[in-house]
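This is coords-v8.cif (mmCIF, C-alpha atoms).
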data_work
loop_
_atom_site.label_atom_id
_atom_site.label_comp_id
_atom_site.auth_asym_id
_atom_site.auth_seq_id
_atom_site.Cartn_x
_atom_site.Cartn_y
_atom_site.Cartn_z
CA MET A 1 -10.78 -12.76 -33.15
CA ALA A 2 -13.80 -10.95 -31.69
CA PHE A 3 -14.15 -13.77 -29.16
CA LEU A 4 -10.58 -13.23 -27.90
CA GLU A 5 -11.12 -9.49 -27.61
CA GLU A 6 -14.32 -10.07 -25.64
CA LEU A 7 -12.47 -12.54 -23.42
CA ARG A 8 -9.77 -9.92 -22.82
CA TYR A 9 -12.37 -7.37 -21.69
CA ILE A 10 -13.97 -9.90 -19.37
CA ALA A 11 -10.58 -10.76 -17.84
CA GLN A 12 -9.67 -7.11 -17.38
CA ASP A 13 -13.02 -6.35 -15.74
CA GLY A 14 -12.49 -9.32 -13.43
CA ILE A 15 -9.03 -8.09 -12.47
CA GLU A 16 -10.31 -4.57 -11.89
CA LEU A 17 -13.23 -5.70 -9.72
CA GLY A 18 -10.99 -8.14 -7.87
CA LEU A 19 -8.60 -5.34 -7.00
CA ILE A 20 -11.43 -3.10 -5.82
CA TRP A 21 -13.03 -5.85 -3.73
CA SER A 22 -9.63 -6.73 -2.25
CA LEU A 23 -9.91 -3.49 -0.26
CA LEU A 24 -13.17 -4.80 1.20
CA ALA A 25 -11.48 -8.09 2.07
CA LEU A 26 -8.61 -6.20 3.68
CA GLY A 27 -11.06 -4.22 5.83
CA VAL A 28 -12.88 -7.36 6.95
CA PHE A 29 -9.56 -9.11 7.63
CA ILE A 30 -8.27 -6.26 9.79
CA SER A 31 -11.48 -5.96 11.79
CA PHE A 32 -11.79 -9.71 12.32
CA ARG A 33 -8.19 -10.86 12.81
CA VAL A 34 -6.61 -7.82 14.41
CA LEU A 35 -9.53 -6.41 16.41
CA ASP A 36 -11.49 -9.67 16.86
CA PHE A 37 -14.62 -7.85 15.67
CA ALA A 38 -16.70 -9.60 12.98
CA ASP A 39 -17.70 -6.44 11.12
CA LEU A 40 -20.00 -6.78 8.13
CA THR A 41 -20.32 -3.02 7.74
CA ALA A 42 -17.57 -3.10 5.12
CA GLU A 43 -19.99 -4.54 2.57
CA GLY A 44 -22.33 -1.58 2.97
CA THR A 45 -19.61 1.05 3.18
CA VAL A 46 -18.08 0.09 -0.17
CA THR A 47 -21.38 0.77 -1.89
CA LEU A 48 -21.94 3.87 0.26
CA GLY A 49 -18.61 5.25 -0.91
CA SER A 50 -19.51 4.50 -4.51
CA ALA A 51 -22.93 6.12 -4.15
CA LEU A 52 -21.53 9.24 -2.47
CA ALA A 53 -18.72 9.65 -4.98
CA LEU A 54 -21.02 9.20 -7.97
CA SER A 55 -23.65 11.58 -6.60
CA LEU A 56 -21.02 14.23 -5.97
CA ILE A 57 -19.42 13.73 -9.38
CA GLU A 58 -22.87 14.12 -10.96
CA SER A 59 -23.11 17.43 -9.03
CA ASN A 60 -19.87 18.61 -10.71
CA VAL A 61 -17.64 18.04 -7.68
CA PRO A 62 -14.04 17.12 -8.67
CA PRO A 63 -13.55 13.33 -8.60
CA LEU A 64 -10.65 13.36 -6.12
CA PHE A 65 -12.61 15.48 -3.64
CA ALA A 66 -15.71 13.30 -4.18
CA THR A 67 -13.61 10.23 -3.37
CA PHE A 68 -12.36 11.88 -0.18
CA ILE A 69 -15.94 12.67 0.89
CA ALA A 70 -16.88 9.05 0.10
CA LEU A 71 -14.05 7.93 2.38
CA LEU A 72 -15.45 10.11 5.17
CA GLY A 73 -18.90 8.59 4.59
CA GLY A 74 -17.48 5.10 5.06
CA PHE A 75 -15.67 6.31 8.16
CA ALA A 76 -18.96 7.63 9.59
CA ALA A 77 -20.70 4.32 8.89
CA GLY A 78 -17.92 2.47 10.70
CA ILE A 79 -18.23 4.81 13.68
CA PHE A 80 -21.98 4.15 13.73
CA THR A 81 -21.33 0.40 13.92
CA GLY A 82 -18.80 0.93 16.69
CA VAL A 83 -21.26 3.04 18.67
CA LEU A 84 -23.96 0.38 18.28
CA HIS A 85 -21.54 -2.20 19.66
CA THR A 86 -19.82 -0.25 22.44
CA LYS A 87 -22.49 2.15 23.71
CA LEU A 88 -25.69 0.21 23.04
CA LYS A 89 -24.06 -3.16 23.85
CA ILE A 90 -25.33 -4.79 20.64
CA PRO A 91 -23.23 -7.86 19.71
CA ALA A 92 -20.60 -7.10 17.06
CA ILE A 93 -22.04 -9.33 14.35
CA LEU A 94 -25.55 -7.93 14.84
CA ALA A 95 -24.29 -4.32 14.87
CA GLY A 96 -22.57 -4.97 11.54
CA ILE A 97 -25.70 -6.55 10.06
CA ILE A 98 -27.85 -3.63 11.23
CA SER A 99 -25.44 -1.12 9.71
CA MET A 100 -25.10 -3.06 6.45
CA THR A 101 -28.88 -3.34 6.08
CA GLY A 102 -29.43 0.32 6.91
CA LEU A 103 -26.75 1.37 4.45
CA TYR A 104 -28.62 -0.36 1.64
CA THR A 105 -31.49 2.10 2.09
CA ILE A 106 -29.15 5.04 2.58
CA ASN A 107 -27.30 4.18 -0.64
CA ILE A 108 -30.50 4.27 -2.68
CA TRP A 109 -31.48 7.53 -0.99
CA VAL A 110 -28.07 9.07 -1.80
CA LEU A 111 -28.30 8.03 -5.45
CA GLY A 112 -31.96 8.95 -5.78
CA LYS A 113 -32.60 5.70 -7.68
CA ALA A 114 -31.14 2.21 -7.91
CA PHE A 115 -28.69 2.89 -10.76
CA ILE A 116 -26.91 5.90 -12.26
CA TYR A 117 -24.65 5.89 -15.29
CA THR A 118 -22.35 8.84 -15.77
CA GLU A 119 -20.31 10.20 -18.64
CA LYS A 120 -18.53 12.71 -16.39
CA ASP A 121 -14.87 12.53 -15.40
CA THR A 122 -13.98 10.05 -12.67
CA LEU A 123 -10.68 8.97 -11.15
CA TYR A 124 -10.19 6.75 -14.18
CA SER A 125 -10.46 9.70 -16.58
CA PHE A 126 -7.07 11.03 -15.50
CA LEU A 127 -5.23 7.93 -16.72
CA ARG A 128 -7.27 7.71 -19.93
CA LYS A 129 -5.42 10.82 -21.10
CA PHE A 130 -2.13 8.91 -20.94
CA LEU A 131 -3.21 5.39 -21.88
CA ALA A 132 -5.02 4.55 -25.10
CA ASP A 133 -6.78 1.51 -23.61
CA PRO A 134 -9.56 2.56 -21.17
CA PHE A 135 -9.71 -0.91 -19.60
CA LEU A 136 -5.99 -0.76 -18.84
CA ALA A 137 -6.46 2.69 -17.30
CA LYS A 138 -9.16 1.40 -14.94
CA SER A 139 -7.14 -1.67 -13.93
CA LEU A 140 -4.01 0.41 -13.39
CA THR A 141 -5.90 2.95 -11.28
CA ALA A 142 -7.36 0.18 -9.12
CA LEU A 143 -3.91 -1.40 -8.72
CA VAL A 144 -2.34 1.91 -7.68
CA VAL A 145 -5.09 2.55 -5.10
CA VAL A 146 -4.77 -0.97 -3.65
CA VAL A 147 -0.96 -0.69 -3.42
CA ILE A 148 -1.21 2.73 -1.74
CA PHE A 149 -3.72 1.40 0.81
CA PHE A 150 -1.61 -1.70 1.44
CA PHE A 151 1.54 0.26 2.17
CA ALA A 152 -0.36 2.88 4.20
CA LEU A 153 -1.81 0.12 6.40
CA TYR A 154 1.58 -1.59 6.64
CA TRP A 155 3.09 1.70 7.80
CA PHE A 156 0.17 2.42 10.17
CA PHE A 157 0.39 -0.94 11.95
CA GLY A 158 4.10 -0.27 12.49
CA THR A 159 3.41 2.97 14.38
CA GLU A 160 2.79 3.15 18.12
CA ILE A 161 -0.98 3.47 17.69
CA GLY A 162 -1.04 0.62 15.18
CA MET A 163 0.98 -1.60 17.50
CA SER A 164 -1.45 -0.76 20.32
CA ILE A 165 -4.38 -1.82 18.14
CA ARG A 166 -2.61 -5.05 17.23
CA ALA A 167 -1.74 -5.73 20.87
CA THR A 168 -5.25 -5.15 22.19
CA GLY A 169 -6.90 -7.11 19.35
#

Serialized structure, structure tokens:
Amino acid sequence: MAFLEELRYIAQDGIELGLIWSLLALGVFISFRVLDFADLTAEGTVTLGSALALSLIESNVPPLFATFIALLGGFAAGIFTGVLHTKLKIPAILAGIISMTGLYTINIWVLGKAFIYTEKDTLYSFLRKFLADPFLAKSLTALVVVVIFFFALYWFFGTEIGMSIRATG
């Protein structure tokens, strides 16, 4: 019976991580297929967002606000890659690699060390109050975030600006 319970936790962790990494895949897909820009910055910005959010949560910043700041950090990293490509005329793939490599160092600097474990409240803590199973709370939170992003992007690419991006890509 313990084996089946362990297998359940492994499966739930896999689903949770798969949902989180699907946002990375969505970012790479949009930049490559829609904009014809092979952007590898997404790999570094996911960890940058995690590092920023965790550092802020450790500094007693509310988790939702920390997540918003992490989103802005990823936005800034993407702008940096775009500036490397458009203003400095560095090829897209190389600009992404430079940003991704630089973000590795920045992430460790933001965290202060290579790994931090926290017992403080995160976005998952909100659902733990309502659901007895913490693994289900994490998977459900990840699913809700992915669905929100999916529909937000679907709506965005239906707007005039989104259609312009699709047309020029």

**OP:** I would like the residues chosen by the PyMOL selection byres ((chain A and resi 165) around 12) on the shown file; could you give them as a list of chain:residue names?
**Re:** A:Ile30, A:Ser31, A:Arg33, A:Val34, A:Leu35, A:Asp36, A:Phe156, A:Phe157, A:Gly158, A:Thr159, A:Glu160, A:Ile161, A:Gly162, A:Met163, A:Ser164, A:Arg166, A:Ala167, A:Thr168, A:Gly169

**OP:** For the file shown, report as a ChimeraX atom specification the outcome of the PyMOL selection byres ((chain A and resi 9-25) around 8) at residue level.
**Re:** /A:5-8,26-29,42-43,46,135-136,138-139,142-143,146,149

**OP:** Take the PyMOL selection byres ((chain A and resi 54-57) around 10), apply it to the structure above, and return the hits as a PyMOL selection string.
**Re:** chain A and resi 48-53+58-67+69-70+110-112+116-122

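Counting all atoms listed in the file, the residue from A:Phe32, A:Leu40, A:Phe75, A:Val145 that sits nearest to Ser99 of chain A is A:Leu40.
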
Original post:
What is the distance, in Å and to one decimal place, between atom CA of Trp109 of chain A and atom CA of Thr86 of chain A?
Top reply: 27.3 Å

Original post:
Skipping near chain neighbours, those fewer than 2 positions away, what residues fall within 12 Å of Gly102 of chain A using all atoms listed in the file, listed as JSON, numbers by chain?
Top reply: {"A": [40, 41, 43, 44, 45, 47, 48, 77, 80, 81, 95, 96, 97, 98, 99, 100, 104, 105, 106, 107, 108, 109]}

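Between atom CA of Thr101 of chain A and atom CA of Gly78 of chain A there is a distance of 13.2 Å.
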
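Here atom CA of Ala2 of chain A stands at a distance of 17.6 Å from atom CA of Pro134 of chain A.
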
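Closest approach to Ser125 of chain A among A:Val83, A:Ile90, A:Ala137, A:Leu71: A:Ala137, based on all atoms listed in the file.
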